[in-house]
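I have placed the structure first, in the form of structure tokens, so that the comments after it can refer back to it.
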Amino acid sequence: MKKSSASKKTAANTETGASTETGANTETGARTETAANTGKAASAGAGSGGKAAAKKTSAAKKAGAAKKTPAATKAATGQRSAAGQKTAKKTAAKKAAAKKTAAKKTAPLKRQAPAKKPAVAPKKATAAVKGVAPAKTVTPASPRGESRTALVRRARRINRELAEVYPYAHPELDFENPFQLVVATVLSAQTTDLRVNQTTPALFAKYPTPEDLAAAVPEEVEEILRPTGFFRAKTRSVIGLSKALVEDFGGEVPGRLEDLVKLPGVGRKTAFVVLGNAYGRPGITVDTHFQRLVRRWRWTEETDPDKIEAAVGALFPKSDWTDLSHHVIWHGRRICHARKPACGACPIAPLCPAYGEGETDPEKAKKLLKYEKGGFPGQRLKPPQAYLDAGGKPAPPLGAG
């Protein structure tokens with residue numbers, strides 16, 4: 001009876017241990033098989049005795065462990081395989097997401113690339129100006145949103161282009177000394193340089209020095225200056241400035257801006273004409289042509305001459321100011337006219353934001369050109385030799401047909 005109890009206990013412990021181990025490592029089928037084997041071992045032990053029961057129980061344990069081990073291994077391997085598959089799937093999903101993100105980031109760059117092509121438009125404009133292609137293909141440079149650096153570069157490039165077109169640009173007033181230049185510049189207000197050049201020969205022939213003009217009879221001077229318009233006011237100015245030169249500067253034209261602007265009829269524009277062309281001192285001449293063109297090119301939005309001078313002067317080195325004035329004024333008189341600019345014949349059409357305001361057809365635009373560009377005489381009766389060498393024609397004297 002004691003042995004029987006021990007066997008039962010052993011069987012119970014074995015069944016419990018097997019169930020626990022099996023529950024941790026195997027499925028339900030493995031537990032059922034282990035329990036059946038253990039039960040058989042317990043029954044055999046009850047009939048044969050304690051030792052036999054113990055041996056059989058030990059054998060049953062070994063047999064159960066041997067059967068359980070392959071099943072547990074297979075289960076563990078299955079779990080690791082499933083986990084590996086899940087990990088692989090997650091890794092593949094992450095790689096796919098990364099590729100999509102990279103594609104999204106790269107795609108807009110590919111779509112933006114064609115936007116750089118319009119920068120080639122100025123080349124078409126050059127061809128159009130030369131008559132190779134229709135002038136309407138010109139795409140003007142738009143200054144909207146233009147940075148300060150871009151404005152400076154565009155302005156200086158325009159000046160360089162004009163310097164190549166007008167390498168012989170010069171002041172278009174006839175003069176032989178500073179006194180003649182200051183008088184001619186005062187007379188050029190509200191009239192053309194050509195009209196002044198046709199009038200001053202008679203004036204300077206009769207009054208060659210400041211002393212002579214200061215002592216002149218106003219009525220006689222008025223008669224000479226009548227063709228220039230506003231002749232009474234201009235007579236007062238030239239006689240007044242001649243008296244000031246005699247009384248304050250010993251009959252000599254001063255070479256300083258602050259002195260020149262004190263003379264009757266002399267403002268900053270006239271002063272810079274004298275300083276730049278008679279004394280070689282840089283200055284910007286803001287006349288009507290200069291004002292019109294720099295606003296048309298959108299170098300500045302200012303309307304006051306002094307503010308225009310300051311704004312444009314800031315775009316160029318001081319050494320360029322005098323020649324810049326000549327280039328702009330010459331272009332305004334010959335091609336970029338106030339009412340109907342010859343856009344189709346303009347050498348700087350690709351750089352001009354106002355392209356299209358005038359005639360764009362090259363053949364029709366050529367008919368709008370003035371002075372030597374259109375085959376007509378220039379404004380000076382006695383132009384520089386460089387101008388004549390370049391094909392320029394001197395203007396006819398007053399009264400000539």
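A note on labels: chains of the structure tokens are A, B, ... as shown, every chain counts residues from 1, and ligands are counted from 1 in their shown order.
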Can you check which parts of range 273-389 of chain A lie within 9 Å of range 237-258 of chain A? Per residue, the shortest pair of atoms and distance in Å to one decimal, counting only C-alpha atoms, sorted by chain and number, as CSV.
```
residue,atom,partner,partner_atom,distance
A:Val274,CA,A:Gly255,CA,8.1
A:Leu275,CA,A:Gly255,CA,6.4
A:Ala278,CA,A:Gly255,CA,8.7
A:Tyr279,CA,A:Gly255,CA,6.8
A:Arg281,CA,A:Gly255,CA,8.7
```
File of the preceding selection, N, CA, C and O atoms, as an mmCIF file, in the first residue's frame:
```cif
data_model
loop_
_atom_site.group_PDB
_atom_site.id
_atom_site.type_symbol
_atom_site.label_atom_id
_atom_site.label_comp_id
_atom_site.auth_asym_id
_atom_site.auth_seq_id
_atom_site.Cartn_x
_atom_site.Cartn_y
_atom_site.Cartn_z
ATOM 1 N N VAL A 274 29.479 121.557 -68.424
ATOM 2 C CA VAL A 274 30.726 122.326 -68.469
ATOM 3 C C VAL A 274 31.857 121.571 -67.776
ATOM 4 O O VAL A 274 32.971 121.451 -68.311
ATOM 5 N N LEU A 275 31.596 121.033 -66.602
ATOM 6 C CA LEU A 275 32.634 120.321 -65.850
ATOM 7 C C LEU A 275 33.118 119.079 -66.595
ATOM 8 O O LEU A 275 34.319 118.807 -66.654
ATOM 9 N N ALA A 278 34.401 120.474 -70.551
ATOM 10 C CA ALA A 278 35.401 121.530 -70.649
ATOM 11 C C ALA A 278 36.565 121.307 -69.687
ATOM 12 O O ALA A 278 37.693 121.720 -69.968
ATOM 13 N N TYR A 279 36.278 120.627 -68.542
ATOM 14 C CA TYR A 279 37.322 120.436 -67.534
ATOM 15 C C TYR A 279 37.628 118.969 -67.241
ATOM 16 O O TYR A 279 38.495 118.663 -66.426
ATOM 17 N N ARG A 281 35.890 116.766 -65.632
ATOM 18 C CA ARG A 281 35.458 116.315 -64.300
ATOM 19 C C ARG A 281 34.114 115.604 -64.422
ATOM 20 O O ARG A 281 33.169 116.170 -64.967
#
```
For Glu359 in chain A, work out the shell of residues within 12 Å, counting only C-alpha atoms and skipping chain neighbours fewer than 2 positions away, then give it as a ChimeraX atom specification.
/A:129,135-136,335-337,339-346,349,354-357,361-369
Within 7 Å of range 194-200 of chain A using only C-alpha atoms, minus same-chain residues under 2 positions, as an mmCIF file with C-alpha atoms, in the first residue's frame:
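File written: selection.cif
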```cif
data_model
loop_
_atom_site.group_PDB
_atom_site.id
_atom_site.type_symbol
_atom_site.label_atom_id
_atom_site.label_comp_id
_atom_site.auth_asym_id
_atom_site.auth_seq_id
_atom_site.Cartn_x
_atom_site.Cartn_y
_atom_site.Cartn_z
ATOM 1 C CA LEU A 173 26.995 121.713 -78.905
ATOM 2 C CA ASP A 174 29.648 123.552 -80.884
ATOM 3 C CA ALA A 184 25.493 127.454 -75.603
ATOM 4 C CA LEU A 187 20.634 128.632 -74.811
ATOM 5 C CA SER A 188 19.818 124.945 -75.421
ATOM 6 C CA THR A 191 15.196 123.930 -78.140
ATOM 7 C CA THR A 192 17.507 121.590 -80.056
ATOM 8 C CA ALA A 202 26.797 134.973 -85.135
ATOM 9 C CA LEU A 203 26.624 135.574 -81.361
ATOM 10 C CA PHE A 204 30.262 134.641 -80.666
ATOM 11 C CA LEU A 225 18.860 134.701 -80.233
ATOM 12 C CA THR A 228 16.201 129.667 -80.222
ATOM 13 C CA GLN A 379 23.602 118.453 -84.864
ATOM 14 C CA ARG A 380 27.054 120.057 -84.914
ATOM 15 C CA LEU A 381 28.336 122.329 -87.656
ATOM 16 C CA PRO A 397 24.329 126.383 -91.150
ATOM 17 C CA LEU A 398 21.310 128.513 -90.279
#
```
Identify, with DSSP run on backbone atoms, the residues in range 256-341 of chain A assigned to alpha helix (DSSP H), and express the list as a VMD selection string.
chain A and resid 257 to 260 268 to 278 288 to 296 305 to 313 321 to 334
Expected file: the selected residues, N, CA and C atoms, as a CSV table (one decimal), in the first residue's frame:
```
chain,number,residue,atom,x,y,z
A,257,LEU,N,31.6,123.1,-59.1
A,257,LEU,CA,30.1,123.0,-59.2
A,257,LEU,C,29.5,124.1,-58.4
A,258,GLU,N,30.0,124.3,-57.1
A,258,GLU,CA,29.3,125.3,-56.3
A,258,GLU,C,29.5,126.7,-56.8
A,259,ASP,N,30.5,127.0,-57.6
A,259,ASP,CA,30.6,128.3,-58.2
A,259,ASP,C,29.8,128.5,-59.5
A,260,LEU,N,29.7,127.4,-60.3
A,260,LEU,CA,29.0,127.5,-61.5
A,260,LEU,C,27.5,127.7,-61.3
A,268,ARG,N,22.4,122.6,-62.2
A,268,ARG,CA,23.3,121.5,-62.0
A,268,ARG,C,23.5,120.8,-63.4
A,269,LYS,N,22.5,120.8,-64.2
A,269,LYS,CA,22.6,120.1,-65.5
A,269,LYS,C,23.7,120.9,-66.4
A,270,THR,N,23.5,122.2,-66.5
A,270,THR,CA,24.5,123.0,-67.2
A,270,THR,C,25.9,122.9,-66.6
A,271,ALA,N,25.9,122.9,-65.3
A,271,ALA,CA,27.2,122.9,-64.6
A,271,ALA,C,28.0,121.6,-64.9
A,272,PHE,N,27.2,120.4,-64.9
A,272,PHE,CA,27.9,119.2,-65.2
A,272,PHE,C,28.3,119.1,-66.7
A,273,VAL,N,27.6,119.7,-67.6
A,273,VAL,CA,28.0,119.7,-69.0
A,273,VAL,C,29.3,120.4,-69.1
A,274,VAL,N,29.5,121.6,-68.4
A,274,VAL,CA,30.7,122.3,-68.5
A,274,VAL,C,31.9,121.6,-67.8
A,275,LEU,N,31.6,121.0,-66.6
A,275,LEU,CA,32.6,120.3,-65.9
A,275,LEU,C,33.1,119.1,-66.6
A,276,GLY,N,32.2,118.3,-67.2
A,276,GLY,CA,32.5,117.1,-67.8
A,276,GLY,C,33.2,117.3,-69.1
A,277,ASN,N,32.8,118.3,-69.9
A,277,ASN,CA,33.3,118.4,-71.3
A,277,ASN,C,34.3,119.5,-71.5
A,278,ALA,N,34.4,120.5,-70.6
A,278,ALA,CA,35.4,121.5,-70.6
A,278,ALA,C,36.6,121.3,-69.7
A,288,THR,N,16.2,116.2,-70.8
A,288,THR,CA,14.9,115.6,-71.0
A,288,THR,C,15.1,114.2,-71.6
A,289,HIS,N,16.0,114.0,-72.4
A,289,HIS,CA,16.3,112.6,-73.0
A,289,HIS,C,16.7,111.7,-71.9
A,290,PHE,N,17.7,112.1,-71.1
A,290,PHE,CA,18.2,111.3,-70.0
A,290,PHE,C,17.1,110.9,-69.0
A,291,GLN,N,16.3,111.8,-68.6
A,291,GLN,CA,15.2,111.5,-67.7
A,291,GLN,C,14.2,110.5,-68.3
A,292,ARG,N,13.9,110.7,-69.5
A,292,ARG,CA,12.9,109.8,-70.2
A,292,ARG,C,13.5,108.4,-70.3
A,293,LEU,N,14.7,108.2,-70.7
A,293,LEU,CA,15.2,106.9,-71.0
A,293,LEU,C,15.5,106.1,-69.7
A,294,VAL,N,16.1,106.8,-68.7
A,294,VAL,CA,16.4,106.0,-67.4
A,294,VAL,C,15.1,105.5,-66.7
A,295,ARG,N,14.0,106.3,-66.9
A,295,ARG,CA,12.7,105.8,-66.4
A,295,ARG,C,12.2,104.7,-67.3
A,296,ARG,N,12.3,104.8,-68.5
A,296,ARG,CA,11.8,103.8,-69.5
A,296,ARG,C,12.6,102.5,-69.2
A,305,PRO,N,15.0,115.9,-61.2
A,305,PRO,CA,16.3,115.7,-61.9
A,305,PRO,C,17.4,115.5,-60.9
A,306,ASP,N,17.4,116.2,-59.7
A,306,ASP,CA,18.5,115.9,-58.7
A,306,ASP,C,18.4,114.5,-58.2
A,307,LYS,N,17.2,114.0,-57.9
A,307,LYS,CA,17.1,112.6,-57.4
A,307,LYS,C,17.4,111.6,-58.5
A,308,ILE,N,17.1,111.9,-59.7
A,308,ILE,CA,17.5,111.0,-60.8
A,308,ILE,C,19.0,110.9,-60.9
A,309,GLU,N,19.6,112.1,-60.8
A,309,GLU,CA,21.1,112.1,-60.9
A,309,GLU,C,21.7,111.3,-59.8
A,310,ALA,N,21.2,111.4,-58.6
A,310,ALA,CA,21.7,110.6,-57.4
A,310,ALA,C,21.4,109.1,-57.6
A,311,ALA,N,20.2,108.8,-58.1
A,311,ALA,CA,19.9,107.4,-58.2
A,311,ALA,C,20.7,106.7,-59.3
A,312,VAL,N,20.8,107.3,-60.4
A,312,VAL,CA,21.6,106.7,-61.5
A,312,VAL,C,23.1,106.8,-61.2
A,313,GLY,N,23.6,107.8,-60.6
A,313,GLY,CA,25.0,107.9,-60.3
A,313,GLY,C,25.4,106.8,-59.3
A,321,TRP,N,30.5,108.6,-65.5
A,321,TRP,CA,29.3,109.5,-65.5
A,321,TRP,C,29.2,110.4,-66.8
A,322,THR,N,30.3,111.0,-67.2
A,322,THR,CA,30.2,111.9,-68.4
A,322,THR,C,29.9,111.1,-69.7
A,323,ASP,N,30.6,110.0,-69.9
A,323,ASP,CA,30.3,109.2,-71.1
A,323,ASP,C,29.0,108.6,-71.1
A,324,LEU,N,28.5,108.2,-69.9
A,324,LEU,CA,27.2,107.6,-69.7
A,324,LEU,C,26.2,108.6,-70.2
A,325,SER,N,26.3,109.9,-69.8
A,325,SER,CA,25.4,110.9,-70.2
A,325,SER,C,25.3,111.0,-71.7
A,326,HIS,N,26.5,111.0,-72.4
A,326,HIS,CA,26.5,111.1,-73.8
A,326,HIS,C,25.8,109.9,-74.5
A,327,HIS,N,26.1,108.7,-74.0
A,327,HIS,CA,25.5,107.5,-74.6
A,327,HIS,C,24.0,107.5,-74.5
A,328,VAL,N,23.5,107.9,-73.3
A,328,VAL,CA,22.0,107.9,-73.1
A,328,VAL,C,21.4,108.9,-73.9
A,329,ILE,N,21.9,110.1,-74.0
A,329,ILE,CA,21.3,111.2,-74.7
A,329,ILE,C,21.4,110.9,-76.2
A,330,TRP,N,22.5,110.4,-76.7
A,330,TRP,CA,22.6,110.1,-78.1
A,330,TRP,C,21.5,109.0,-78.5
A,331,HIS,N,21.4,108.0,-77.7
A,331,HIS,CA,20.4,107.0,-78.0
A,331,HIS,C,19.0,107.5,-78.0
A,332,GLY,N,18.7,108.4,-77.0
A,332,GLY,CA,17.4,109.0,-77.0
A,332,GLY,C,17.0,109.9,-78.2
A,333,ARG,N,18.0,110.5,-78.8
A,333,ARG,CA,17.8,111.4,-79.9
A,333,ARG,C,17.8,110.6,-81.2
A,334,ARG,N,18.4,109.5,-81.3
A,334,ARG,CA,18.5,108.7,-82.5
A,334,ARG,C,17.6,107.5,-82.7
```
Atom-to-atom span, CA of Gly283 in chain A and CA of Asp320 in chain A, Å:
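Separating CA of Gly283 in chain A from CA of Asp320 in chain A is a distance of 8.6 Å.
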Per residue of range 297-335 of chain A within 12 Å of range 350-353 of chain A, which atom pair is closest and at what distance in Å (one decimal), using only C-alpha atoms, listed by chain and increasing number, as CSV?
```
residue,atom,partner,partner_atom,distance
A:Trp297,CA,A:Cys352,CA,5.7
A:Arg298,CA,A:Pro353,CA,7.4
A:Trp299,CA,A:Pro353,CA,10.3
```
Keeping N, CA and C atoms, export the residues of the selection given above as a compact mmCIF listing (two decimals), in the first residue's frame.
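Wrote it out as result11.txt, contents follow:
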```
# COMPACT_ATOMS: atom_id res chain seq x y z
N TRP A 297 13.85 102.59 -68.90
CA TRP A 297 14.64 101.39 -68.60
C TRP A 297 14.48 100.95 -67.15
N ARG A 298 13.75 101.73 -66.38
CA ARG A 298 13.48 101.43 -64.97
C ARG A 298 14.74 101.35 -64.13
N TRP A 299 15.64 102.26 -64.42
CA TRP A 299 16.79 102.41 -63.53
C TRP A 299 16.36 103.14 -62.27
```
